[in-house]
file data-v7.txt (compact mmCIF, C-alpha atoms and all ligand atoms)
# COMPACT_ATOMS: atom_id res chain seq x y z
CA MET A 1 41.42 -15.37 -29.32
CA SER A 2 40.02 -13.30 -32.19
CA ARG A 3 40.94 -9.62 -32.35
CA GLN A 4 37.40 -8.88 -33.48
CA LYS A 5 35.92 -10.40 -30.37
CA LYS A 6 34.28 -7.96 -27.98
CA TRP A 7 35.03 -8.19 -24.28
CA ARG A 8 33.65 -6.91 -21.03
CA PHE A 9 36.03 -6.86 -18.08
CA ALA A 10 35.43 -7.46 -14.43
CA THR A 11 38.14 -7.53 -11.80
CA TRP A 12 39.34 -10.50 -9.89
CA SER A 13 42.74 -11.86 -9.20
CA GLU A 14 44.14 -15.11 -10.42
CA PRO A 15 46.05 -16.17 -7.29
CA SER A 16 48.38 -18.59 -9.05
CA ARG A 17 49.64 -15.84 -11.34
CA GLY A 18 50.40 -13.53 -8.42
CA PHE A 19 49.29 -10.39 -10.23
CA PRO A 20 45.99 -8.71 -10.92
CA TYR A 21 44.03 -10.34 -13.67
CA TRP A 22 41.09 -8.88 -15.49
CA GLY A 23 38.43 -11.50 -16.00
CA LEU A 24 36.91 -11.48 -19.46
CA GLN A 25 33.18 -11.48 -20.09
CA GLY A 26 32.47 -9.90 -23.45
CA ILE A 27 32.27 -6.08 -24.75
CA ALA A 28 34.44 -3.17 -25.88
CA GLY A 29 38.06 -3.30 -26.97
CA SER A 30 40.38 -6.04 -28.07
CA ALA A 31 42.74 -8.03 -25.88
CA SER A 32 45.81 -6.99 -27.87
CA ASP A 33 46.87 -3.95 -29.91
CA PRO A 34 47.36 -4.13 -33.70
CA ALA A 35 51.02 -5.08 -33.12
CA GLY A 36 49.90 -8.02 -31.02
CA ASN A 37 51.08 -6.58 -27.66
CA PRO A 38 48.77 -7.19 -24.70
CA ARG A 39 46.63 -4.16 -23.91
CA ILE A 40 46.10 -2.61 -20.52
CA LEU A 41 42.37 -3.05 -20.26
CA GLU A 42 40.01 -0.85 -18.31
CA PRO A 43 38.21 -2.79 -15.58
CA THR A 44 34.59 -2.10 -14.62
CA VAL A 45 35.79 -1.03 -11.20
CA ASN A 46 34.82 2.43 -9.95
CA GLU A 47 37.08 4.39 -7.67
CA ALA A 48 35.37 6.64 -5.12
CA PRO A 49 33.46 8.79 -5.74
CA SER A 50 31.48 6.13 -7.51
CA ALA A 51 29.18 6.91 -10.39
CA LYS A 52 27.58 3.47 -10.16
CA TRP A 53 25.38 2.74 -7.18
CA LEU A 54 23.40 -0.16 -5.98
CA ILE A 55 20.07 0.89 -4.54
CA ARG A 56 17.17 -0.98 -3.05
CA ILE A 57 13.60 0.21 -3.47
CA SER A 58 10.81 -1.81 -1.91
CA GLU A 59 8.34 -3.58 -4.17
CA VAL A 60 5.68 -1.52 -2.33
CA PHE A 61 6.86 1.45 -4.40
CA ALA A 62 7.35 -0.42 -7.69
CA ASP A 63 4.82 1.88 -9.40
CA LEU A 64 6.80 4.96 -8.36
CA GLU A 65 10.23 3.66 -9.30
CA GLN A 66 10.64 5.68 -12.50
CA GLU A 67 9.74 8.88 -10.67
CA ILE A 68 12.07 8.01 -7.79
CA LEU A 69 14.97 7.45 -10.20
CA GLN A 70 14.16 10.65 -12.02
CA HIS A 71 14.25 12.65 -8.77
CA LEU A 72 17.55 11.03 -7.85
CA GLY A 73 18.90 12.14 -11.24
CA ALA A 74 19.69 8.47 -11.87
CA ALA A 75 19.80 6.31 -14.96
CA SER A 76 18.89 2.68 -14.43
CA LEU A 77 21.55 0.32 -15.73
CA ARG A 78 20.25 -3.07 -14.60
CA LYS A 79 17.84 -4.76 -12.23
CA LEU A 80 19.49 -7.07 -9.76
CA GLY A 81 17.91 -9.63 -7.45
CA ARG A 82 14.61 -8.63 -5.89
CA GLY A 83 14.23 -4.87 -5.53
CA TYR A 84 17.81 -3.86 -6.36
CA SER A 85 18.88 -1.61 -9.20
CA LEU A 86 22.30 -0.75 -10.48
CA ILE A 87 22.16 2.93 -11.36
CA GLN A 88 24.37 5.67 -12.69
CA LEU A 89 24.20 8.66 -10.40
CA ALA A 90 25.38 12.11 -11.45
CA ASN A 91 24.98 13.64 -7.98
CA PRO A 92 25.48 11.11 -5.15
CA ALA A 93 24.20 13.64 -2.57
CA ALA A 94 20.72 13.04 -4.00
CA ILE A 95 20.75 9.61 -2.29
CA ARG A 96 20.61 11.46 1.04
CA ASP A 97 19.23 14.92 0.29
CA SER A 98 16.54 14.61 -2.36
CA GLU A 99 12.81 14.07 -1.85
CA ALA A 100 13.36 10.59 -3.29
CA ALA A 101 15.91 9.62 -0.63
CA LYS A 102 13.36 8.18 1.80
CA PHE A 103 12.17 5.72 -0.85
CA VAL A 104 15.68 4.23 -1.10
CA GLN A 105 15.86 1.56 1.57
CA TRP A 106 19.55 0.89 1.20
CA ASN A 107 22.38 2.14 -1.02
CA LEU A 108 25.98 1.38 -1.84
CA PRO A 109 28.56 2.99 -4.13
CA VAL A 110 29.85 0.18 -6.33
CA HIS A 111 33.64 0.25 -6.06
CA HIS A 112 34.14 -3.27 -7.34
CA SER A 113 31.95 -5.59 -9.35
CA TRP A 114 32.18 -8.95 -10.98
CA PRO A 115 29.12 -9.47 -13.17
CA CYS A 116 29.07 -13.23 -13.71
CA SER A 117 27.22 -16.40 -12.86
CA PRO A 118 29.04 -17.55 -9.72
CA ARG A 119 27.67 -21.08 -10.06
CA ASP A 120 29.54 -21.45 -13.35
CA ILE A 121 32.91 -20.15 -12.17
CA PRO A 122 35.28 -22.79 -10.81
CA GLY A 123 36.98 -21.54 -7.64
CA PHE A 124 34.65 -18.54 -7.45
CA ILE A 125 35.08 -17.99 -3.71
CA GLU A 126 38.87 -17.96 -3.82
CA LYS A 127 38.98 -15.65 -6.82
CA ALA A 128 36.39 -13.27 -5.38
CA ALA A 129 38.04 -13.20 -1.93
CA GLN A 130 41.48 -12.48 -3.40
CA ALA A 131 40.08 -9.67 -5.53
CA MET A 132 38.33 -8.12 -2.52
CA PHE A 133 41.51 -8.28 -0.49
CA ARG A 134 43.56 -6.75 -3.28
CA LYS A 135 41.05 -3.99 -3.80
CA PHE A 136 40.12 -3.15 -0.20
CA GLY A 137 42.91 -4.66 1.94
CA ALA A 138 44.69 -1.34 2.41
CA ARG A 139 41.49 0.62 3.05
CA ASN A 140 40.85 -0.60 6.58
CA PRO A 141 37.21 -1.58 6.55
CA GLN A 142 35.90 -2.07 10.09
CA ALA A 143 33.99 -5.19 8.99
CA ILE A 144 33.10 -7.24 5.95
CA ILE A 145 29.42 -7.99 5.53
CA VAL A 146 28.39 -10.20 2.63
CA GLY A 147 24.76 -11.01 1.85
CA PRO A 148 22.62 -12.53 -0.90
CA PHE A 149 20.46 -10.36 -3.15
CA ASP A 150 17.48 -12.49 -2.23
CA PRO A 151 17.79 -13.64 1.38
CA GLY A 152 14.28 -15.11 1.32
CA ALA A 153 14.92 -17.43 -1.66
CA ALA A 154 13.95 -21.06 -1.09
CA ASP A 155 17.23 -22.13 -2.72
CA ARG A 156 19.89 -21.57 -0.08
CA TYR A 157 22.77 -21.54 -2.59
CA TYR A 158 23.51 -17.80 -2.49
CA ARG A 159 23.02 -17.53 1.26
CA THR A 160 25.62 -20.24 1.74
CA LEU A 161 27.89 -18.73 -0.91
CA ALA A 162 27.70 -15.33 0.83
CA SER A 163 28.57 -16.85 4.17
CA ASN A 164 31.47 -18.88 2.75
CA LEU A 165 32.80 -15.92 0.78
CA ARG A 166 32.75 -13.78 3.91
CA GLY A 167 34.56 -16.50 5.84
CA ARG A 168 37.32 -16.85 3.24
CA THR A 169 37.70 -13.08 2.76
CA LEU A 170 38.06 -12.53 6.50
CA GLN A 171 40.96 -14.99 6.54
CA LEU A 172 42.84 -12.64 4.22
CA PHE A 173 42.15 -9.42 6.15
CA PRO A 174 43.71 -8.49 9.52
CA PRO A 175 42.07 -10.31 12.47
CA GLN A 176 40.34 -7.20 13.86
CA VAL A 177 38.07 -7.12 10.77
CA ALA A 178 36.68 -10.51 11.82
CA ALA A 179 36.12 -9.38 15.41
CA ILE A 180 32.71 -7.86 14.58
CA ARG A 181 30.32 -10.80 14.64
CA ASP A 182 27.09 -8.95 15.30
CA ALA A 183 26.20 -6.38 12.63
CA GLU A 184 24.96 -3.94 15.30
CA ALA A 185 28.43 -3.96 16.89
CA GLN A 186 29.74 -1.93 13.92
CA ASP A 187 30.49 1.75 14.36
CA SER A 188 27.63 3.23 12.33
CA ARG A 189 29.92 5.97 11.00
CA ALA A 190 32.98 3.92 10.05
CA PRO A 191 33.40 2.35 6.61
CA THR A 192 32.39 -1.28 6.17
CA LEU A 193 33.04 -3.41 3.13
CA PHE A 194 29.55 -4.43 2.03
CA CYS A 195 29.12 -7.05 -0.63
CA LEU A 196 26.00 -8.44 -2.31
CA ILE A 197 25.97 -11.60 -4.30
CA GLY A 198 23.48 -13.41 -6.51
CA LYS A 199 22.99 -15.00 -9.88
CA GLU A 200 23.98 -11.68 -11.48
CA GLY A 201 27.40 -11.69 -9.81
CA LEU A 202 29.12 -9.81 -7.03
CA PHE A 203 28.87 -6.10 -6.19
CA CYS A 204 30.95 -4.47 -3.44
CA GLY A 205 31.52 -1.05 -1.97
CA LEU A 206 33.00 0.65 1.04
CA GLN A 207 30.61 2.85 2.99
CA SER A 208 29.47 3.35 6.59
CA PRO A 209 26.28 1.57 7.75
CA GLN A 210 24.76 4.99 8.47
CA ALA A 211 25.37 6.24 4.92
CA SER A 212 24.13 2.93 3.49
CA ASN A 213 21.03 3.16 5.74
CA GLY A 214 21.43 -0.29 7.26
CA TRP A 215 23.75 -2.57 9.21
CA HIS A 216 23.54 -5.53 6.85
CA ALA A 217 24.38 -5.94 3.16
CA GLY A 218 21.07 -4.92 1.61
CA GLY A 219 19.97 -3.48 4.93
CA THR A 220 17.65 -6.29 5.92
CA LYS A 221 17.83 -7.96 9.30
CA PHE A 222 15.86 -11.16 9.47
CA ILE A 223 13.08 -10.75 12.03
CA ARG A 224 10.41 -13.42 12.32
CA GLN A 225 7.07 -11.82 11.47
CA SER A 226 4.83 -14.61 12.59
CA GLY A 227 5.09 -17.49 15.01
CA PRO A 228 2.80 -19.24 17.47
CA ASP A 229 3.08 -16.36 19.98
CA THR A 230 2.96 -13.47 17.50
CA ILE A 231 0.15 -11.05 18.28
CA SER A 232 0.47 -9.02 15.09
CA ARG A 233 2.96 -8.57 12.27
CA ALA A 234 3.51 -4.99 13.48
CA GLY A 235 5.82 -6.42 16.15
CA ALA A 236 8.49 -7.00 13.50
CA LYS A 237 8.16 -3.34 12.52
CA ILE A 238 9.10 -1.92 15.92
CA ALA A 239 11.84 -4.54 16.26
CA GLU A 240 13.28 -3.38 12.94
CA ALA A 241 12.75 0.29 13.84
CA LEU A 242 14.76 -0.09 17.07
CA HIS A 243 17.50 -1.91 15.15
CA HIS A 244 17.53 0.89 12.55
CA LEU A 245 17.52 3.63 15.20
CA GLN A 246 20.94 2.50 16.38
CA LEU A 247 22.43 3.89 13.18
CA THR A 248 21.68 7.31 14.67
CA ARG A 249 21.45 6.97 18.45
CA ARG A 250 21.02 4.44 21.25
CA PRO A 251 17.49 3.24 21.91
CA PRO A 252 16.09 4.09 25.36
CA PRO A 253 17.50 1.80 28.08
CA PRO A 254 15.40 -1.01 29.58
CA GLY A 255 12.98 0.30 32.18
CA SER A 256 12.15 3.36 30.05
CA HIS A 257 8.49 4.32 29.85
CA TRP A 258 6.82 4.29 26.41
CA LEU A 259 3.48 5.84 25.52
CA GLU A 260 2.08 3.78 22.66
CA LEU A 261 -0.73 5.22 20.54
CA GLY A 262 -2.69 2.82 18.34
CA ALA A 263 -1.47 -0.23 20.24
CA SER A 264 -4.22 -2.79 19.48
CA PRO A 265 -3.96 -5.74 19.08
CA GLY A 266 -0.51 -5.41 20.67
CA GLY A 267 2.27 -6.85 18.50
CA MET A 268 4.45 -3.78 19.12
CA THR A 269 3.47 -3.67 22.80
CA ALA A 270 4.69 -7.26 23.21
CA GLU A 271 8.04 -6.36 21.58
CA LEU A 272 8.51 -3.34 23.84
CA LEU A 273 7.68 -5.35 26.96
CA ALA A 274 10.08 -8.10 25.85
CA ARG A 275 12.86 -5.47 25.85
CA GLY A 276 12.18 -4.60 29.47
CA TYR A 277 10.29 -1.38 28.76
CA ARG A 278 7.24 -0.12 30.63
CA VAL A 279 4.35 0.66 28.29
CA THR A 280 1.19 2.72 28.52
CA ALA A 281 -0.80 1.35 25.58
CA VAL A 282 -3.63 3.52 24.25
CA ASP A 283 -6.18 2.38 21.70
CA ARG A 284 -9.92 2.62 21.07
CA ALA A 285 -9.82 -1.16 20.61
CA PRO A 286 -8.71 -3.66 23.27
CA LEU A 287 -5.39 -5.46 23.34
CA ASP A 288 -5.02 -9.15 22.70
CA PRO A 289 -6.02 -11.14 25.85
CA ARG A 290 -2.54 -12.71 25.89
CA LEU A 291 -1.27 -9.34 27.14
CA ALA A 292 -3.65 -9.25 30.13
CA ASN A 293 -1.68 -8.72 33.35
CA ALA A 294 1.61 -8.40 31.42
CA HIS A 295 4.34 -7.02 33.67
CA GLY A 296 5.07 -3.34 32.99
CA LEU A 297 1.91 -2.75 30.94
CA GLN A 298 -0.86 -0.27 31.55
CA THR A 299 -3.70 -0.35 29.02
CA VAL A 300 -5.99 2.57 28.30
CA LEU A 301 -9.10 2.03 26.21
CA ALA A 302 -9.46 5.52 24.78
CA ASP A 303 -9.10 7.78 21.79
CA ALA A 304 -5.62 9.30 21.58
CA ALA A 305 -7.32 12.65 20.91
CA THR A 306 -8.80 12.72 24.42
CA PHE A 307 -6.39 10.60 26.46
CA GLN A 308 -4.90 12.74 29.22
CA PRO A 309 -1.97 11.45 31.27
CA ALA A 310 -1.68 12.59 34.88
CA LYS A 311 0.14 15.92 35.19
CA HIS A 312 3.34 14.52 36.68
CA VAL A 313 3.79 11.70 34.12
CA VAL A 314 6.90 11.94 31.93
CA TYR A 315 7.48 9.48 29.08
CA ASP A 316 10.88 8.53 27.68
CA ALA A 317 9.45 7.70 24.27
CA ILE A 318 6.24 7.84 22.24
CA LEU A 319 5.36 5.27 19.61
CA SER A 320 2.53 5.95 17.19
CA ASP A 321 1.19 3.32 14.80
CA MET A 322 -2.29 4.82 14.53
CA ASN A 323 -4.03 4.40 11.22
CA GLY A 324 -6.01 7.25 9.72
CA ALA A 325 -4.90 10.62 8.39
CA ALA A 326 -1.20 11.20 9.05
CA LEU A 327 -1.69 14.86 9.98
CA GLU A 328 -4.29 13.93 12.59
CA SER A 329 -1.99 11.28 14.04
CA ILE A 330 0.94 13.69 14.36
CA THR A 331 -1.38 16.22 16.00
CA ARG A 332 -2.22 13.62 18.68
CA VAL A 333 1.48 12.90 19.17
CA ILE A 334 2.35 16.60 19.43
CA ARG A 335 -0.27 17.22 22.10
CA LEU A 336 1.05 14.33 24.18
CA ALA A 337 4.71 15.23 23.54
CA ARG A 338 4.31 17.80 26.36
CA HIS A 339 4.80 14.73 28.55
CA LEU A 340 7.98 13.68 26.75
CA ARG A 341 11.27 14.18 28.56
CA ASN A 342 14.06 16.30 27.07
CA ASN A 343 15.74 14.43 24.20
CA GLY A 344 12.85 11.97 24.35
CA LEU A 345 12.23 9.77 21.33
CA VAL A 346 9.24 9.60 19.00
CA VAL A 347 8.83 6.68 16.59
CA PHE A 348 6.07 7.55 14.17
CA THR A 349 4.60 5.34 11.45
CA LEU A 350 3.69 7.74 8.66
CA LYS A 351 0.81 5.97 6.93
CA LEU A 352 0.18 6.84 3.30
CA PRO A 353 -3.01 5.01 2.41
CA GLY A 354 -4.44 7.83 0.30
CA ALA A 355 -1.12 9.07 -1.08
CA ALA A 356 -0.71 6.96 -4.19
CA THR A 357 1.64 9.27 -6.06
CA PHE A 358 5.21 10.36 -5.45
CA ALA A 359 4.10 13.99 -5.05
CA ALA A 360 1.28 13.13 -2.62
CA ALA A 361 3.58 11.00 -0.45
CA ASN A 362 6.12 13.83 -0.29
CA GLU A 363 3.45 16.39 0.47
CA THR A 364 2.06 14.31 3.35
CA GLU A 365 5.52 13.72 4.77
CA ALA A 366 6.47 17.39 4.45
CA SER A 367 3.36 18.57 6.31
CA VAL A 368 3.84 16.02 9.09
CA VAL A 369 7.48 17.05 9.53
CA LYS A 370 6.54 20.74 9.43
CA SER A 371 3.97 20.34 12.21
CA ALA A 372 6.32 18.25 14.32
CA THR A 373 9.23 20.66 13.85
CA ALA A 374 7.07 23.64 14.79
CA ALA A 375 6.23 21.77 18.01
CA GLY A 376 9.90 21.23 18.91
CA LEU A 377 10.31 17.70 17.53
CA ARG A 378 13.44 17.32 15.42
CA VAL A 379 13.64 14.63 12.72
CA ILE A 380 16.65 12.42 13.41
CA ALA A 381 15.99 9.71 10.82
CA ARG A 382 13.40 8.63 8.30
CA THR A 383 13.25 5.45 6.31
CA HIS A 384 11.18 2.83 4.62
CA LEU A 385 11.77 -0.31 6.67
CA THR A 386 11.55 -3.73 5.07
CA TYR A 387 8.49 -4.37 7.25
CA ASN A 388 6.84 -1.09 6.31
CA ARG A 389 4.08 -1.35 3.77
CA HIS A 390 2.68 1.84 2.21
CA GLU A 391 4.23 3.93 4.98
CA PHE A 392 7.49 5.34 6.30
CA THR A 393 8.96 5.27 9.78
CA LEU A 394 10.03 8.67 11.10
CA PHE A 395 12.17 9.16 14.19
CA PHE A 396 12.04 12.44 16.11
CA GLU A 397 13.74 13.74 19.23
CA SER A 398 12.25 16.34 21.50
CA ALA A 399 14.39 19.46 21.73
CA PRO A 400 16.11 19.97 25.07
CA SER A 401 14.54 22.85 26.98
CA ALA A 402 16.59 26.04 27.03
C1 LIG A 501 -2.29 -0.68 12.47
S1 LIG A 501 -3.22 -0.82 13.90
C2 LIG A 501 -1.97 -0.87 15.11
C3 LIG A 501 -1.29 -2.18 15.25
C4 LIG A 501 -0.48 -2.25 16.50
N1 LIG A 501 0.55 -1.23 16.52
C5 LIG A 501 0.16 -3.58 16.79
O1 LIG A 501 1.35 -3.62 17.03
O2 LIG A 501 -0.54 -4.59 16.81
C6 LIG A 501 -3.84 0.79 14.09
C7 LIG A 501 -4.54 1.02 15.39
O3 LIG A 501 -4.69 2.41 15.58
C8 LIG A 501 -5.85 2.60 16.35
N2 LIG A 501 -6.24 4.03 16.26
C9 LIG A 501 -6.39 4.80 15.16
N3 LIG A 501 -6.72 6.05 15.51
C10 LIG A 501 -6.76 6.07 16.87
C11 LIG A 501 -7.04 7.08 17.82
N4 LIG A 501 -7.34 8.34 17.44
N5 LIG A 501 -6.98 6.77 19.11
C12 LIG A 501 -6.69 5.52 19.52
N6 LIG A 501 -6.41 4.52 18.66
C13 LIG A 501 -6.46 4.79 17.35
C14 LIG A 501 -6.85 1.64 15.73
O4 LIG A 501 -7.88 1.36 16.64
C15 LIG A 501 -5.96 0.44 15.45
O5 LIG A 501 -6.04 -0.50 16.48
call {"tool": "encode", "arguments": {"input": "data-v7.txt", "output": "structure tokens", "more": "lines below"}}
Ligand SMILES: C[S@@+](CC[C@H](N)C(=O)[O-])C[C@H]1O[C@@H](n2cnc3c(N)ncnc32)[C@H](O)[C@@H]1O
result
Amino acid sequence: MSRQKKWRFATWSEPSRGFPYWGLQGIAGSASDPAGNPRILEPTVNEAPSAKWLIRISEVFADLEQEILQHLGAASLRKLGRGYSLIQLANPAAIRDSEAAKFVQWNLPVHHSWPCSPRDIPGFIEKAAQAMFRKFGARNPQAIIVGPFDPGAADRYYRTLASNLRGRTLQLFPPQVAAIRDAEAQDSRAPTLFCLIGKEGLFCGLQSPQASNGWHAGGTKFIRQSGPDTISRAGAKIAEALHHLQLTRRPPPPGSHWLELGASPGGMTAELLARGYRVTAVDRAPLDPRLANAHGLQTVLADAATFQPAKHVVYDAILSDMNGAALESITRVIRLARHLRNNGLVVFTLKLPGAATFAAANETEASVVKSATAAGLRVIARTHLTYNRHEFTLFFESAPSA
């Protein structure tokens, strides 16, 4: 091994040696000092608080990415998979507090990485699993969730690798870590060991699902968007929104009454009904005939601006997916929120068709939130779902009456 050779180091353990081993990949420093003694080499592992973060920004906002990174105070280090960036972050709070936060679909502090081509590493799974156990075994993650950077790839190699790596890693951790089989069964506020894997290598970190903004590694839950019975692709959006909501609070129980504004053709309506909810669906356009006579459904062919529920009606939740100007839509919701019960839920699709810039999107969102807040609706979460296009999903709760 030449002393002149440059090395980059990533951590993994070599099980047969029984001690930590720093894998060699090429930059900075030599493997021995001038006297020929082995050097203690710095790994590319970050201890919390991490300066390196993995973030996911939807391709929908690809044009705004530079501005988003700038507002996060982040320097881009590398693109990973589809939509992921490895960034250096001076102020991690920006991931949650800055104007750019809502554009970041999912985030993870990188506490351990192994940049490599897993396909070319013999025994990759065993080496990676041992390294994860050595690094995180004493830190009591509630669960280990491993996913591929590109879950939609036609080549299933990394999906299978992720699943096998998770399986082997769980064998090393205490049995309770394997007890969580459904991602939604995690405690949203307890740390999980998330790990993403792809042709660029393996990137792991310990963070709660709530702080990461999703239950899965990468945040995406697979929800079928189209099938023979699908009425519209919007159905996947409310399914994902209700999944996401559980990071913050429980969704309304079955039997709850939803007022849905902008319901036609009815993809979301069908999803709500399938969950055992009652729905009053309002739209100027009719619903898909497949929903005719659906149990629990009342349809109202009307403009949301003029629709007037009977005085005594109280809704548990309001869903708005109306297109058109966002401020007009929130005004319709606010008027009807008089019929929302205390601590009732509002799921609002904030459409941004005319807001092509970062500043315009923020301005629209800020004015919608301002109007809603003034009317007693408190923002409990906001995100860009994987099934959102040029829009965000905002969640509000009505304030309890004094
Ligand atoms: C994106 S589509 C909704 C798709 C629907 N959520 C689904 O799941 O299939 C928007 C709908 O909002 C309706 N809309 C827009 N403004 C409205 C208003 N003021 N009153 C009633 N419906 C409205 C449109 O007629 C249109 O059907």
call {"tool": "closest_atom_pairs", "arguments": {"input": "data-v7.txt", "of": "chain A", "to": "ligand LIG 501 (chain A)", "cutoff": "9 Å", "atoms": "all atoms listed in the file", "output": "Markdown table"}}
result
| residue | atom | partner | partner_atom | distance |
| --- | --- | --- | --- | --- |
| A:Ile231 | CA | A:LIG501 | O2 | 6.7 |
| A:Ser232 | CA | A:LIG501 | O2 | 4.9 |
| A:Arg233 | CA | A:LIG501 | O2 | 7.0 |
| A:Ala234 | CA | A:LIG501 | O1 | 4.4 |
| A:Gly235 | CA | A:LIG501 | O1 | 5.3 |
| A:Ala236 | CA | A:LIG501 | O1 | 8.7 |
| A:Lys237 | CA | A:LIG501 | O1 | 8.2 |
| A:Ile238 | CA | A:LIG501 | O1 | 8.0 |
| A:Glu260 | CA | A:LIG501 | N1 | 8.1 |
| A:Leu261 | CA | A:LIG501 | N6 | 6.0 |
| A:Gly262 | CA | A:LIG501 | O3 | 3.4 |
| A:Ala263 | CA | A:LIG501 | N1 | 4.3 |
| A:Ser264 | CA | A:LIG501 | O5 | 4.2 |
| A:Pro265 | CA | A:LIG501 | O2 | 4.3 |
| A:Gly266 | CA | A:LIG501 | O2 | 3.9 |
| A:Gly267 | CA | A:LIG501 | O1 | 3.7 |
| A:Met268 | CA | A:LIG501 | O1 | 3.7 |
| A:Thr269 | CA | A:LIG501 | O1 | 6.1 |
| A:Ala270 | CA | A:LIG501 | O1 | 7.9 |
| A:Glu271 | CA | A:LIG501 | O1 | 8.5 |
| A:Val282 | CA | A:LIG501 | C12 | 6.0 |
| A:Asp283 | CA | A:LIG501 | N6 | 3.7 |
| A:Arg284 | CA | A:LIG501 | C12 | 4.6 |
| A:Ala285 | CA | A:LIG501 | O4 | 5.1 |
| A:Pro286 | CA | A:LIG501 | O5 | 8.0 |
| A:Leu287 | CA | A:LIG501 | O2 | 8.2 |
| A:Asp288 | CA | A:LIG501 | O2 | 8.7 |
| A:Leu301 | CA | A:LIG501 | C12 | 7.9 |
| A:Ala302 | CA | A:LIG501 | C12 | 5.9 |
| A:Asp303 | CA | A:LIG501 | N5 | 3.6 |
| A:Ala304 | CA | A:LIG501 | N5 | 3.8 |
| A:Ala305 | CA | A:LIG501 | N4 | 5.5 |
| A:Thr306 | CA | A:LIG501 | N5 | 8.2 |
| A:Phe307 | CA | A:LIG501 | N5 | 8.3 |
| A:Leu319 | CA | A:LIG501 | N1 | 8.7 |
| A:Ser320 | CA | A:LIG501 | N1 | 7.5 |
| A:Asp321 | CA | A:LIG501 | N1 | 4.9 |
| A:Met322 | CA | A:LIG501 | O3 | 3.6 |
| A:Asn323 | CA | A:LIG501 | C9 | 4.6 |
| A:Gly324 | CA | A:LIG501 | N3 | 6.0 |
| A:Ala325 | CA | A:LIG501 | N3 | 8.7 |
| A:Glu328 | CA | A:LIG501 | N4 | 8.0 |
| A:Ser329 | CA | A:LIG501 | N4 | 7.0 |
| A:Arg332 | CA | A:LIG501 | N4 | 7.5 |
call {"tool": "atom_distance", "arguments": {"input": "data-v7.txt", "atom1": "atom CA of A:Leu340", "atom2": "atom CA of A:Leu291"}}
result
24.8 Å
call {"tool": "closest_residue", "arguments": {"input": "data-v7.txt", "among": "A:Arg250, A:Arg168, A:Lys102, A:Arg335", "to": "A:Lys127", "atoms": "only C-alpha atoms"}}
result
A:Arg168
call {"tool": "closest_residue", "arguments": {"input": "data-v7.txt", "among": "A:Ala128, A:Asp97, A:Ala337, A:Gly219", "to": "A:Ile57", "atoms": "only C-alpha atoms"}}
result
A:Gly219
call {"tool": "residues_around", "arguments": {"input": "data-v7.txt", "residues": "stretch 358-372 of chain A", "least_positions_apart": "6", "cutoff": "12 Å", "atoms": "all atoms listed in the file", "output": "ChimeraX atom specification"}}
result
/A:61-71,98-103,325-337,346,348-352,378-383,390-399
call {"tool": "write_last_selection", "arguments": {"input": "data-v7.txt", "atoms": "C-alpha atoms", "output": "compact mmCIF listing (two decimals), keeping the file's coordinate frame"}}
result
# COMPACT_ATOMS: atom_id res chain seq x y z
CA PHE A 61 6.86 1.45 -4.40
CA ALA A 62 7.35 -0.42 -7.69
CA ASP A 63 4.82 1.88 -9.40
CA LEU A 64 6.80 4.96 -8.36
CA GLU A 65 10.23 3.66 -9.30
CA GLN A 66 10.64 5.68 -12.50
CA GLU A 67 9.74 8.88 -10.67
CA ILE A 68 12.07 8.01 -7.79
CA LEU A 69 14.97 7.45 -10.20
CA GLN A 70 14.16 10.65 -12.02
CA HIS A 71 14.25 12.65 -8.77
CA SER A 98 16.54 14.61 -2.36
CA GLU A 99 12.81 14.07 -1.85
CA ALA A 100 13.36 10.59 -3.29
CA ALA A 101 15.91 9.62 -0.63
CA LYS A 102 13.36 8.18 1.80
CA PHE A 103 12.17 5.72 -0.85
CA ALA A 325 -4.90 10.62 8.39
CA ALA A 326 -1.20 11.20 9.05
CA LEU A 327 -1.69 14.86 9.98
CA GLU A 328 -4.29 13.93 12.59
CA SER A 329 -1.99 11.28 14.04
CA ILE A 330 0.94 13.69 14.36
CA THR A 331 -1.38 16.22 16.00
CA ARG A 332 -2.22 13.62 18.68
CA VAL A 333 1.48 12.90 19.17
CA ILE A 334 2.35 16.60 19.43
CA ARG A 335 -0.27 17.22 22.10
CA LEU A 336 1.05 14.33 24.18
CA ALA A 337 4.71 15.23 23.54
CA VAL A 346 9.24 9.60 19.00
CA PHE A 348 6.07 7.55 14.17
CA THR A 349 4.60 5.34 11.45
CA LEU A 350 3.69 7.74 8.66
CA LYS A 351 0.81 5.97 6.93
CA LEU A 352 0.18 6.84 3.30
CA ARG A 378 13.44 17.32 15.42
CA VAL A 379 13.64 14.63 12.72
CA ILE A 380 16.65 12.42 13.41
CA ALA A 381 15.99 9.71 10.82
CA ARG A 382 13.40 8.63 8.30
CA THR A 383 13.25 5.45 6.31
CA HIS A 390 2.68 1.84 2.21
CA GLU A 391 4.23 3.93 4.98
CA PHE A 392 7.49 5.34 6.30
CA THR A 393 8.96 5.27 9.78
CA LEU A 394 10.03 8.67 11.10
CA PHE A 395 12.17 9.16 14.19
CA PHE A 396 12.04 12.44 16.11
CA GLU A 397 13.74 13.74 19.23
CA SER A 398 12.25 16.34 21.50
CA ALA A 399 14.39 19.46 21.73
call {"tool": "atom_distance", "arguments": {"input": "data-v7.txt", "atom1": "atom CA of A:Gln210", "atom2": "atom CA of A:Leu247"}}
result
5.4 Å
call {"tool": "residues_around", "arguments": {"input": "data-v7.txt", "residues": "stretch 116-121 of chain A", "least_positions_apart": "2", "cutoff": "6 Å", "atoms": "all atoms listed in the file", "output": "tab-separated table (two decimals) with C-alpha atoms, keeping the file's coordinate frame"}}
result
chain	number	residue	atom	x	y	z
A	114	TRP	CA	32.18	-8.95	-10.98
A	124	PHE	CA	34.65	-18.54	-7.45
A	199	LYS	CA	22.99	-15.00	-9.88
A	200	GLU	CA	23.98	-11.68	-11.48
A	201	GLY	CA	27.40	-11.69	-9.81
